[in-house]
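Peer 1: So here's structure.csv, just CSV, C-alpha atoms:
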```csv
chain,number,residue,atom,x,y,z
B,383,MET,CA,-3.5,59.3,24.4
B,384,LEU,CA,-6.4,58.4,26.6
B,385,GLN,CA,-5.7,56.8,30.0
B,386,LEU,CA,-7.8,55.5,32.8
B,387,ARG,CA,-8.1,57.6,36.0
B,388,ASP,CA,-10.1,57.0,39.1
B,389,ALA,CA,-12.3,59.9,40.2
B,390,ALA,CA,-14.7,60.1,43.1
B,391,GLU,CA,-18.3,60.6,42.2
B,392,GLY,CA,-19.4,64.0,43.3
B,393,GLY,CA,-16.4,66.4,43.8
B,394,GLU,CA,-16.1,69.5,46.0
B,395,GLY,CA,-18.2,71.6,43.6
B,396,ASP,CA,-21.3,69.4,44.0
B,397,GLY,CA,-21.2,68.5,47.6
B,398,GLY,CA,-20.1,65.0,47.2
B,399,GLY,CA,-18.7,63.0,50.1
B,400,ASP,CA,-15.1,61.8,50.5
B,401,GLY,CA,-13.8,58.3,50.1
B,402,ASP,CA,-15.4,57.1,53.4
B,403,GLY,CA,-19.0,57.9,52.7
B,404,GLY,CA,-19.2,58.5,49.0
B,405,SER,CA,-20.3,56.3,46.2
B,406,PRO,CA,-17.8,53.9,44.6
B,407,ALA,CA,-15.1,55.4,42.4
B,408,ALA,CA,-15.8,55.6,38.7
B,409,ALA,CA,-13.1,55.3,36.0
B,410,VAL,CA,-12.8,58.2,33.7
B,411,LEU,CA,-10.6,58.8,30.7
B,412,VAL,CA,-8.0,61.6,31.1
B,413,PRO,CA,-5.7,62.5,28.2
B,414,GLY,CA,-1.9,62.2,28.7
B,415,GLU,CA,-1.9,60.4,32.1
B,416,ALA,CA,-0.7,56.9,32.8
B,417,GLY,CA,-3.2,54.6,34.2
B,418,PRO,CA,-2.9,51.5,36.3
B,419,LEU,CA,-1.4,48.4,34.7
B,420,LEU,CA,-4.0,45.9,33.6
B,421,PRO,CA,-3.6,42.3,34.6
B,422,PRO,CA,-1.7,40.2,32.0
B,423,ARG,CA,-3.6,37.9,29.9
B,424,GLN,CA,-3.7,34.3,31.1
B,425,ALA,CA,-1.5,32.1,28.9
B,426,LEU,CA,-3.3,29.5,26.9
B,427,ARG,CA,-1.9,26.0,26.8
B,428,PRO,CA,-1.6,24.7,23.2
B,429,VAL,CA,-3.8,21.8,22.4
B,430,SER,CA,-1.9,18.9,20.9
B,431,VAL,CA,-3.7,16.8,18.2
B,432,ARG,CA,-2.4,13.4,17.4
B,433,THR,CA,-2.5,12.4,13.8
B,434,ALA,CA,-1.9,8.9,12.4
B,435,THR,CA,1.5,9.3,10.8
B,436,ARG,CA,2.8,6.8,8.2
B,437,GLY,CA,5.4,5.8,10.8
B,438,GLY,CA,2.7,4.9,13.3
B,439,ARG,CA,0.7,3.0,10.7
B,440,LEU,CA,3.8,1.1,9.7
B,441,ARG,CA,3.7,-0.7,13.0
B,442,GLU,CA,0.3,-2.1,12.2
B,443,TYR,CA,1.8,-4.3,9.5
B,444,PHE,CA,3.5,-7.4,10.9
B,445,VAL,CA,5.8,-7.6,7.9
B,446,PHE,CA,7.6,-4.4,9.1
B,447,ARG,CA,8.3,-5.6,12.6
B,448,PRO,CA,12.0,-6.3,13.4
B,449,GLY,CA,13.2,-9.6,12.0
B,450,THR,CA,10.0,-10.6,10.4
B,451,ILE,CA,10.9,-10.1,6.7
B,452,GLU,CA,14.3,-11.7,7.3
B,453,GLN,CA,12.7,-14.8,8.8
B,454,ALA,CA,10.1,-15.0,6.0
B,455,VAL,CA,12.7,-14.8,3.3
B,456,SER,CA,14.8,-17.5,5.0
B,457,GLU,CA,11.8,-19.9,5.2
B,458,ILE,CA,10.7,-19.2,1.6
B,459,ARG,CA,14.2,-20.0,0.3
B,460,ALA,CA,13.5,-23.5,1.5
B,461,VAL,CA,10.8,-24.0,-1.1
B,462,VAL,CA,13.1,-23.1,-3.9
B,463,LEU,CA,14.1,-26.2,-5.9
B,464,PRO,CA,17.6,-25.8,-7.3
B,465,ALA,CA,17.1,-28.2,-10.2
B,466,GLU,CA,13.9,-26.4,-11.3
B,467,ASP,CA,14.4,-22.8,-10.1
B,468,GLY,CA,18.1,-22.3,-9.9
B,469,GLU,CA,19.4,-19.7,-7.5
B,470,VAL,CA,17.4,-16.8,-5.9
B,471,GLN,CA,18.2,-13.5,-7.6
B,472,SER,CA,16.0,-11.1,-5.7
B,473,VAL,CA,13.1,-10.9,-3.2
B,474,TRP,CA,10.3,-8.4,-3.4
B,475,LEU,CA,7.4,-7.3,-1.2
B,476,LEU,CA,4.5,-6.3,-3.4
B,477,ALA,CA,0.7,-6.2,-3.5
B,478,GLU,CA,-1.1,-8.5,-5.9
B,479,ILE,CA,-4.3,-7.3,-7.5
B,480,ASP,CA,-6.5,-10.2,-8.6
B,481,HIS,CA,-9.0,-10.2,-11.4
B,482,TRP,CA,-11.7,-9.0,-9.0
B,483,ASN,CA,-9.6,-6.1,-7.8
B,484,ASN,CA,-8.8,-7.7,-4.4
B,485,GLU,CA,-5.5,-6.5,-3.0
B,486,LYS,CA,-3.2,-9.0,-1.3
B,487,GLU,CA,0.2,-8.9,0.3
B,488,ARG,CA,2.8,-11.1,-1.4
B,489,LEU,CA,6.4,-12.0,-1.3
B,490,VAL,CA,7.8,-12.5,-4.8
B,491,LEU,CA,11.0,-14.2,-5.6
B,492,ILE,CA,12.9,-14.0,-8.9
B,493,THR,CA,15.2,-17.0,-9.5
B,494,ASP,CA,17.3,-18.1,-12.4
B,495,TRP,CA,14.4,-19.9,-14.1
B,496,SER,CA,11.2,-19.2,-12.1
B,497,LEU,CA,9.0,-16.5,-10.6
B,498,LEU,CA,7.7,-17.6,-7.2
B,499,ILE,CA,4.7,-15.8,-5.8
B,500,CYS,CA,4.3,-16.6,-2.1
B,501,LYS,CA,1.3,-16.2,0.2
B,502,TYR,CA,2.9,-15.7,3.5
B,503,ASN,CA,1.3,-15.3,6.9
B,504,PHE,CA,3.5,-12.7,8.7
B,505,ILE,CA,1.6,-13.3,12.0
B,506,SER,CA,2.1,-17.1,12.3
B,507,LEU,CA,5.3,-16.9,10.2
B,508,GLN,CA,4.2,-19.6,7.8
B,509,CYS,CA,4.3,-19.9,4.1
B,510,GLN,CA,0.7,-20.9,3.1
B,511,HIS,CA,1.0,-21.2,-0.7
B,512,VAL,CA,3.5,-20.8,-3.5
B,513,THR,CA,2.7,-20.2,-7.2
B,514,ARG,CA,5.6,-21.2,-9.5
B,515,ILE,CA,5.8,-19.6,-13.0
B,516,ALA,CA,8.5,-20.6,-15.4
B,517,LEU,CA,10.3,-17.5,-16.7
B,518,SER,CA,10.5,-19.0,-20.2
B,519,ALA,CA,6.7,-19.3,-20.3
B,520,ILE,CA,6.2,-15.5,-19.7
B,521,ASP,CA,5.5,-13.9,-23.1
B,522,THR,CA,4.1,-10.4,-22.2
B,523,ILE,CA,4.9,-7.9,-19.5
B,524,SER,CA,2.6,-4.8,-19.4
B,525,VAL,CA,3.1,-1.7,-17.3
B,526,GLY,CA,0.6,1.1,-17.0
B,527,GLN,CA,-2.3,2.7,-15.1
B,528,PHE,CA,-5.2,0.7,-13.9
B,529,GLU,CA,-8.3,0.8,-16.1
B,530,PHE,CA,-11.9,-0.2,-15.3
B,531,PRO,CA,-15.2,-0.3,-17.3
B,532,SER,CA,-16.9,3.0,-17.5
B,533,LYS,CA,-19.8,1.8,-15.3
B,534,SER,CA,-17.6,0.3,-12.7
B,535,LEU,CA,-18.4,1.4,-9.1
B,536,ASN,CA,-15.2,0.4,-7.5
B,537,LYS,CA,-12.0,1.7,-9.1
B,538,ARG,CA,-8.4,2.2,-8.1
B,539,GLU,CA,-5.7,4.6,-9.1
B,540,GLY,CA,-2.0,4.0,-9.6
B,541,VAL,CA,0.5,2.1,-11.7
B,542,GLY,CA,0.8,-1.7,-11.9
B,543,ILE,CA,2.6,-4.4,-13.8
B,544,ARG,CA,0.9,-7.4,-15.4
B,545,ILE,CA,2.7,-10.6,-16.2
B,546,GLN,CA,1.1,-13.0,-18.8
B,547,TRP,CA,2.1,-16.5,-19.8
B,548,ASP,CA,1.2,-19.3,-22.1
B,549,LYS,CA,0.2,-16.9,-24.9
B,550,GLN,CA,-3.2,-16.2,-23.2
B,551,SER,CA,-4.2,-12.6,-22.8
B,552,ARG,CA,-7.6,-13.2,-21.2
B,553,ALA,CA,-9.2,-15.8,-19.0
B,554,SER,CA,-12.3,-17.7,-19.9
B,555,PHE,CA,-15.7,-16.3,-19.2
B,556,ILE,CA,-16.3,-18.7,-16.3
B,557,ASN,CA,-12.9,-17.9,-14.7
B,558,ARG,CA,-13.4,-14.2,-15.1
B,559,TRP,CA,-16.6,-14.3,-13.1
B,560,ASN,CA,-15.3,-16.7,-10.5
B,561,PRO,CA,-13.6,-14.6,-7.7
B,562,TRP,CA,-11.8,-17.7,-6.4
B,563,SER,CA,-10.5,-18.9,-9.7
B,564,THR,CA,-6.8,-19.9,-9.8
B,565,SER,CA,-6.8,-20.4,-13.6
B,566,ILE,CA,-6.1,-16.8,-14.6
B,567,PRO,CA,-3.2,-16.7,-17.1
B,568,TYR,CA,-1.7,-13.6,-15.7
B,569,VAL,CA,-0.8,-11.9,-12.4
B,570,THR,CA,-0.9,-8.2,-11.6
B,571,PHE,CA,1.2,-6.4,-9.0
B,572,THR,CA,1.4,-2.9,-7.6
B,573,GLU,CA,3.6,-1.3,-4.9
B,574,HIS,CA,2.9,-2.2,-1.2
B,575,PRO,CA,0.8,0.6,0.4
B,576,MET,CA,3.6,1.3,2.9
B,577,ALA,CA,6.5,1.1,0.3
B,578,ASP,CA,7.9,4.5,1.1
B,579,ALA,CA,7.4,4.4,4.9
B,580,ASP,CA,10.4,2.5,5.9
B,581,GLU,CA,13.8,3.0,4.4
B,582,LYS,CA,15.1,-0.4,5.5
B,583,VAL,CA,12.6,-2.3,3.3
B,584,ALA,CA,11.9,0.4,0.6
B,585,SER,CA,14.3,-1.3,-1.8
B,586,LEU,CA,12.1,-4.5,-1.6
B,587,CYS,CA,9.0,-2.6,-2.6
B,588,LEU,CA,10.0,-0.5,-5.6
B,589,LEU,CA,7.9,-1.6,-8.6
B,590,GLU,CA,10.2,0.0,-11.2
B,591,ASN,CA,13.2,-2.0,-9.9
B,592,PHE,CA,11.2,-5.2,-9.9
B,593,LYS,CA,10.1,-4.6,-13.5
B,594,THR,CA,13.7,-4.1,-14.6
B,595,GLN,CA,15.0,-7.2,-12.9
B,596,LEU,CA,12.1,-9.3,-14.1
B,597,ILE,CA,12.5,-8.3,-17.7
B,598,GLN,CA,16.2,-9.1,-17.6
B,599,ALA,CA,15.6,-12.5,-16.0
B,600,VAL,CA,12.8,-13.4,-18.5
B,601,LYS,CA,15.0,-12.5,-21.5
B,602,LYS,CA,17.9,-14.5,-20.1
B,603,ALA,CA,15.6,-17.5,-19.5
B,604,HIS,CA,14.2,-17.3,-23.0
B,605,LYS,CA,17.7,-17.3,-24.4
B,606,GLU,CA,19.2,-20.1,-22.3
B,607,SER,CA,16.2,-22.3,-21.8
B,608,PRO,CA,13.7,-21.8,-24.7
B,609,LEU,CA,10.5,-23.8,-24.8
B,610,PRO,CA,10.4,-26.2,-27.7
B,611,GLY,CA,7.9,-25.6,-30.4
B,612,ARG,CA,7.3,-21.9,-29.5
B,613,ALA,CA,8.5,-18.6,-30.7
B,614,ASN,CA,10.5,-17.3,-27.8
B,615,GLY,CA,11.0,-13.8,-26.5
B,616,VAL,CA,9.1,-11.4,-24.3
B,617,LEU,CA,6.9,-8.5,-25.3
B,618,VAL,CA,7.2,-5.4,-23.0
B,619,LEU,CA,4.3,-3.0,-23.4
B,620,GLU,CA,3.2,0.3,-21.8
B,621,ARG,CA,-0.6,0.2,-21.8
B,622,PRO,CA,-3.6,0.4,-19.3
B,623,LEU,CA,-4.2,-2.6,-17.2
B,624,LEU,CA,-7.9,-3.6,-17.5
B,625,ILE,CA,-9.7,-5.0,-14.4
B,626,GLU,CA,-13.2,-6.0,-15.3
B,627,THR,CA,-15.2,-5.4,-12.2
B,628,TYR,CA,-18.5,-3.5,-12.0
B,629,LEU,CA,-20.2,-3.5,-8.6
B,630,GLY,CA,-17.0,-4.6,-6.7
B,631,LEU,CA,-18.7,-4.8,-3.3
B,632,MET,CA,-16.5,-7.7,-2.2
B,633,SER,CA,-13.3,-6.0,-3.2
B,634,PHE,CA,-14.4,-2.7,-1.7
B,635,ILE,CA,-14.8,-4.3,1.7
B,636,ASN,CA,-11.6,-6.3,1.3
B,637,ASN,CA,-9.5,-3.3,0.3
B,638,GLU,CA,-10.9,-0.8,2.7
B,639,ALA,CA,-10.4,-3.2,5.7
B,640,LYS,CA,-6.9,-4.3,4.3
B,641,LEU,CA,-8.0,-7.9,4.7
B,642,GLY,CA,-5.3,-9.0,2.3
B,643,TYR,CA,-2.6,-7.9,4.7
B,644,SER,CA,-1.2,-9.3,8.0
B,645,MET,CA,-1.8,-6.5,10.4
B,646,THR,CA,-3.2,-5.6,13.8
B,647,ARG,CA,-6.9,-5.0,14.0
B,648,GLY,CA,-7.7,-3.6,17.5
B,649,LYS,CA,-6.7,-6.2,20.1
B,650,ILE,CA,-6.3,-9.0,17.5
B,651,GLY,CA,-4.3,-9.4,14.4
B,652,PHE,CA,-5.1,-11.3,11.2
```
Re-express the file's structure as structure tokens.

Peer 2:
Amino acid sequence: MLQLRDAAEGGEGDGGGDGDGGSPAAAVLVPGEAGPLLPPRQALRPVSVRTATRGGRLREYFVFRPGTIEQAVSEIRAVVLPAEDGEVQSVWLLAEIDHWNNEKERLVLITDWSLLICKYNFISLQCQHVTRIALSAIDTISVGQFEFPSKSLNKREGVGIRIQWDKQSRASFINRWNPWSTSIPYVTFTEHPMADADEKVASLCLLENFKTQLIQAVKKAHKESPLPGRANGVLVLERPLLIETYLGLMSFINNEAKLGYSMTRGKIGF
């Protein structure tokens, strides 16, 4: 084993001076001898990197703040008409996908006779709009992956559920190309983007459970309150859900910025 040893430059044999007048000592390697201990390495402090966890992102959504969802459900129950809707069976927090691929946060209520789709502002805690669909008018429920035209520039992945009524499978040409049209004979839902981030509200966001309860409620409504002059019953299909968008610039901006959700954006929230 090679060790370090200090030796004076110029020993007795070559007339070198002693430690007082000689040149500085040089370190030489001598086998088998222990050398001086080297200074320990300086400990390095680990660098901590903060990442945006789903728990941290959860706080950006106003709906997940304590007491918000409870207050919203309490207020929306006030718009339920017992004579027309019956009793509330379940409440769901979902994301609606419109015919232009815009994503929007929605509270959905299944009652005895109706499906209520509520646009709720979780910042000001106000119900802004309610769409009421009679369960007995629903004729087709489709579940599947989202599908887009081959030349579409703005696509989405995932599974959704589409609810159609009044025996209309497709909107008119004018309504399809009007991003603000409210005359679309179907509605499409998918899971809330933070559905699995909070155990307390996860049960409100499960699309599979929503589908099961909706099908049961629609079948019951068809049986107990059939529409006159129409063949009753609901068709449940597994098929791709077509969204006919091509350029999709407006929906790209809306979905990337989460404009359809009530959430904090810097020092403000909208």

Peer 1: Show which residues sit within 10 Å of range 503-515 of chain B, as a ChimeraX atom specification. Count all atoms listed in the file, and ignore same-chain residues fewer than 4 positions away.

Peer 2: /B:443-447,450-451,453-455,457-458,461-462,466-467,487-492,495-499,519-520,546-547,564,568,643-646,651-652

Peer 1: One number please: CA of Ile556 in chain B to CA of Cys500 in chain B, in Å, one decimal.

Peer 2: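 One can read the CA of Ile556 in chain B to CA of Cys500 in chain B distance as 25.1 Å.
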
Peer 1: Interatomic distance between CA of Asp480 in chain B and CA of Pro608 in chain B?

Peer 2: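 These two atoms are separated by 28.3 Å.
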
Peer 1: In Å, how far is it from CA of Ala584 in chain B to CA of Leu440 in chain B?

Peer 2: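 For CA of Ala584 in chain B relative to CA of Leu440 in chain B, the distance reads 12.2 Å.
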
Peer 1: Here is a test: counting only C-alpha atoms, which residue of B:Leu609, B:Met576, B:Val600, B:Leu586 is nearest to Lys640 in chain B?

Peer 2: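 Using only C-alpha atoms, the shortest distance to Lys640 in chain B belongs to B:Met576.
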
Peer 1: Which residue is closest to Val541 in chain B? Choose from B:Phe555, B:Trp474, B:Phe571, B:Trp562 and count all atoms listed in the file.

Peer 2: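 Closest candidate: B:Phe571.
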
Peer 1: Rank nothing, just name the residue among B:His481, B:Arg647, B:His604, B:Lys593 nearest to Gly542 in chain B, using all atoms listed in the file.

Peer 2: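 Under the stated criterion, the closest residue is B:Lys593.
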
Peer 1: Can you tell me which residues surround range 528-530 of chain B at a distance of at most 7 Å, considering all atoms listed in the file, apart from same-chain residues fewer than 5 positions away, and format the answer as a list of chain:residue names?

Peer 2: B:Lys537, B:Arg538, B:Glu539, B:Gly540, B:Val541, B:Gly542, B:Pro622, B:Leu623, B:Leu624, B:Ile625, B:Glu626, B:Thr627

Peer 1: Every residue with an atom at most 10 Å from (11.2, -4.5, -2.8) (file coordinates; all atoms listed in the file) is what I'm after, so could you write them as a ChimeraX atom specification?

Peer 2: /B:472-476,489-490,573-574,577,583-592

Peer 1: Write the residues you've just listed into a file as a compact mmCIF listing (two decimals), keeping the file's coordinate frame, and include C-alpha atoms for each of them.

Peer 2:
```
# COMPACT_ATOMS: atom_id res chain seq x y z
CA SER B 472 16.00 -11.10 -5.70
CA VAL B 473 13.10 -10.90 -3.20
CA TRP B 474 10.30 -8.40 -3.40
CA LEU B 475 7.40 -7.30 -1.20
CA LEU B 476 4.50 -6.30 -3.40
CA LEU B 489 6.40 -12.00 -1.30
CA VAL B 490 7.80 -12.50 -4.80
CA GLU B 573 3.60 -1.30 -4.90
CA HIS B 574 2.90 -2.20 -1.20
CA ALA B 577 6.50 1.10 0.30
CA VAL B 583 12.60 -2.30 3.30
CA ALA B 584 11.90 0.40 0.60
CA SER B 585 14.30 -1.30 -1.80
CA LEU B 586 12.10 -4.50 -1.60
CA CYS B 587 9.00 -2.60 -2.60
CA LEU B 588 10.00 -0.50 -5.60
CA LEU B 589 7.90 -1.60 -8.60
CA GLU B 590 10.20 0.00 -11.20
CA ASN B 591 13.20 -2.00 -9.90
CA PHE B 592 11.20 -5.20 -9.90
```

Peer 1: My list of candidates is B:Ser534, B:Pro448, B:Asn483, B:Ala599. Which is closest to Ala516 in chain B when distances are computed with all atoms listed in the file?

Peer 2: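 Closest to Ala516 in chain B of all the choices is B:Ala599.
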